[in-house]
Amino acid sequence: MTSLARALAVFMLLAGSCVFTDPHTATRHQTWRLGQVNDASVEVRSRNGSIKVLGEPSRQDVEVEAKLVAGGRSQEEADARQDEVEVHCARESDDRLLVYAVFPEKRRGRDGASFVIRLPSANGARLNTSNGSITVGSIGGQLVATTRNGRIVVSSHDGSADLSTSNGRVTVSGVVGATKIRTSNGRVRVVLADDNAGPLNAQTSNGGIEATVGTAFRGKVTMRTSNGRVRFKNEAGVDVREQLKKRSGSVRFGDGSTQSSLRSSNGSVTLTVK
């Protein structure tokens, strides 16, 4: 047997074991409505599912939608396990909205929970899922979003953002505060709010970085790539001091001491000021 054939045989064996461990699933959709608490934060913990937190200023209440999937070796087992899934969706003593699902033991590989939260506003969010995308729009405060496998999309965020994914692209627009982005495998595209002075730190091991800042941005930006080029586009014509080589360099905006960095191990890095 050739090495390729052996590799294919191992792959098929592993794939088969993954598929048939819990080939059946049962799905349930559930919705909650809660009162809005101004200046309260949101925390969501999930596994094998996406998270969306969407600010809708015209809303009067908070809506939480859940998609719950339970796996089983038979359909009867999946249905029975689904009946045992519980969801915590409530305000804590500090008014924080905490949402997570509790699955019966023994956990199955296809167990998962996805959540969509729509609310008038939020002052901060802490979001964590082990396998799924995270989407955040039109809220404020300190945002911390972490997924081990999935893309992250953030728009119109009135606060700071700390975003991390092990496998997925990161797209950010309209963030007002300090922004930190990490991905092991994916492209990074970030457009800061026009009045955001920084800092901005973005790192990817495999993918390009495209960053756009406004004329209010200040401090020194260090750019580096191991495979690609670094570029600076001064479309606003602001006064900067730049020192660029093919794969590394820096751009200083004004006299600020803030330090920012854009780093890729495999991909070009482009910084634009508009």
# chains A, B, ... in the order shown; residues from 1 in each chain; ligands from 1
call {"tool": "select_by_dssp", "arguments": {"residues": "segment 150-252 of chain A", "states": "strand (DSSP E or B)", "output": "VMD selection string"}}
result
chain A and resid 152 to 155 158 161 to 165 170 to 175 179 to 183 188 to 192 200 to 204 209 to 213 219 to 225 230 to 234 240 to 244 248 to 252
call {"tool": "write_last_selection", "arguments": {"atoms": "C-alpha atoms", "output": "JSON list (two decimals), in the first residue's frame"}}
result
[["chain", "number", "residue", "atom", "x", "y", "z"],
["A", 152, "ILE", "CA", -15.46, 37.53, 13.78],
["A", 153, "VAL", "CA", -17.36, 40.55, 12.44],
["A", 154, "VAL", "CA", -17.71, 43.78, 14.43],
["A", 155, "SER", "CA", -19.37, 46.98, 13.23],
["A", 158, "ASP", "CA", -18.67, 52.50, 20.60],
["A", 161, "ALA", "CA", -12.49, 45.62, 21.09],
["A", 162, "ASP", "CA", -10.33, 42.59, 21.92],
["A", 163, "LEU", "CA", -10.95, 39.92, 19.27],
["A", 164, "SER", "CA", -9.36, 36.48, 18.94],
["A", 165, "THR", "CA", -9.94, 33.46, 16.68],
["A", 170, "VAL", "CA", -11.68, 39.14, 11.22],
["A", 171, "THR", "CA", -13.60, 42.11, 9.80],
["A", 172, "VAL", "CA", -13.98, 45.29, 11.83],
["A", 173, "SER", "CA", -15.53, 48.65, 10.99],
["A", 174, "GLY", "CA", -16.42, 51.72, 12.99],
["A", 175, "VAL", "CA", -14.72, 50.84, 16.28],
["A", 179, "THR", "CA", -8.59, 47.59, 19.04],
["A", 180, "LYS", "CA", -6.70, 44.30, 19.38],
["A", 181, "ILE", "CA", -7.08, 41.48, 16.84],
["A", 182, "ARG", "CA", -5.49, 38.03, 16.74],
["A", 183, "THR", "CA", -6.10, 35.20, 14.30],
["A", 188, "VAL", "CA", -7.79, 40.88, 8.84],
["A", 189, "ARG", "CA", -9.68, 43.92, 7.57],
["A", 190, "VAL", "CA", -10.21, 46.80, 9.94],
["A", 191, "VAL", "CA", -11.58, 50.31, 9.45],
["A", 192, "LEU", "CA", -11.46, 52.40, 12.61],
["A", 200, "LEU", "CA", -4.55, 49.35, 16.84],
["A", 201, "ASN", "CA", -2.83, 45.98, 17.14],
["A", 202, "ALA", "CA", -3.53, 43.21, 14.63],
["A", 203, "GLN", "CA", -1.73, 39.91, 14.13],
["A", 204, "THR", "CA", -2.31, 36.96, 11.82],
["A", 209, "ILE", "CA", -3.89, 42.76, 6.91],
["A", 210, "GLU", "CA", -5.71, 45.81, 5.55],
["A", 211, "ALA", "CA", -6.09, 48.60, 8.09],
["A", 212, "THR", "CA", -7.67, 52.01, 7.58],
["A", 213, "VAL", "CA", -7.47, 54.82, 10.14],
["A", 219, "GLY", "CA", 1.28, 57.38, 17.64],
["A", 220, "LYS", "CA", 3.66, 54.97, 15.96],
["A", 221, "VAL", "CA", 2.51, 52.02, 13.86],
["A", 222, "THR", "CA", 5.01, 49.20, 13.30],
["A", 223, "MET", "CA", 4.35, 46.94, 10.31],
["A", 224, "ARG", "CA", 5.99, 43.61, 9.53],
["A", 225, "THR", "CA", 5.47, 40.55, 7.35],
["A", 230, "VAL", "CA", 4.17, 46.38, 3.67],
["A", 231, "ARG", "CA", 2.45, 49.43, 2.17],
["A", 232, "PHE", "CA", 1.31, 52.84, 3.41],
["A", 233, "LYS", "CA", -1.32, 54.91, 1.60],
["A", 234, "ASN", "CA", -1.67, 58.53, 2.75],
["A", 240, "VAL", "CA", 3.46, 61.62, 8.99],
["A", 241, "ARG", "CA", 6.98, 60.28, 9.31],
["A", 242, "GLU", "CA", 7.40, 56.97, 7.54],
["A", 243, "GLN", "CA", 10.26, 54.50, 7.32],
["A", 244, "LEU", "CA", 9.36, 51.57, 5.11],
["A", 248, "SER", "CA", 8.91, 45.98, 7.56],
["A", 249, "GLY", "CA", 8.67, 49.58, 8.57],
["A", 250, "SER", "CA", 6.89, 52.15, 10.68],
["A", 251, "VAL", "CA", 4.67, 55.19, 10.32],
["A", 252, "ARG", "CA", 4.39, 57.87, 13.01]]
call {"tool": "residues_around", "arguments": {"residues": "segment 82-98 of chain A", "least_positions_apart": "6", "cutoff": "9 Å", "atoms": "only C-alpha atoms", "output": "list in words"}}
result
Thr25, Ala26, Thr27, Arg28, Trp32, Leu34, Val37, Asp39, Ala40, Ser41, Val42, Glu43, Val44, Arg45, Val64, Ala66, Leu68, Val69, Ala70, Gly71 and Pro104 of chain A
call {"tool": "write_last_selection", "arguments": {"atoms": "C-alpha atoms", "output": "PDB file, in the first residue's frame"}}
result
ATOM      1  CA  THR A  25     -29.462  15.146  16.140  1.00  0.00           C
ATOM      2  CA  ALA A  26     -32.502  16.866  17.591  1.00  0.00           C
ATOM      3  CA  THR A  27     -32.935  20.630  17.222  1.00  0.00           C
ATOM      4  CA  ARG A  28     -34.967  23.048  19.315  1.00  0.00           C
ATOM      5  CA  TRP A  32     -36.858  34.762  25.613  1.00  0.00           C
ATOM      6  CA  LEU A  34     -36.368  40.421  29.037  1.00  0.00           C
ATOM      7  CA  VAL A  37     -31.293  47.588  31.735  1.00  0.00           C
ATOM      8  CA  ASP A  39     -25.498  50.458  31.010  1.00  0.00           C
ATOM      9  CA  ALA A  40     -25.593  46.686  31.597  1.00  0.00           C
ATOM     10  CA  SER A  41     -23.231  44.256  29.884  1.00  0.00           C
ATOM     11  CA  VAL A  42     -23.776  40.952  28.082  1.00  0.00           C
ATOM     12  CA  GLU A  43     -21.963  37.646  28.538  1.00  0.00           C
ATOM     13  CA  VAL A  44     -22.524  34.627  26.290  1.00  0.00           C
ATOM     14  CA  ARG A  45     -20.811  31.243  26.589  1.00  0.00           C
ATOM     15  CA  VAL A  64     -32.692  36.208  22.987  1.00  0.00           C
ATOM     16  CA  ALA A  66     -31.427  30.099  20.822  1.00  0.00           C
ATOM     17  CA  LEU A  68     -30.054  24.119  20.472  1.00  0.00           C
ATOM     18  CA  VAL A  69     -28.730  20.930  18.880  1.00  0.00           C
ATOM     19  CA  ALA A  70     -28.339  17.678  20.802  1.00  0.00           C
ATOM     20  CA  GLY A  71     -26.608  14.627  19.369  1.00  0.00           C
ATOM     21  CA  PRO A 104     -26.747  16.481  29.747  1.00  0.00           C
TER      22      PRO A 104
END
call {"tool": "residues_around", "arguments": {"residues": "segment 121-134 of chain A", "least_positions_apart": "5", "cutoff": "8 Å", "atoms": "only C-alpha atoms", "output": "number ranges by chain"}}
result
A: 38-52, 55-57, 139-153
call {"tool": "residues_around", "arguments": {"residues": "Gly228 of chain A", "least_positions_apart": "2", "cutoff": "8 Å", "atoms": "only C-alpha atoms", "output": "ChimeraX atom specification"}}
result
/A:225-226,230,247,266-269
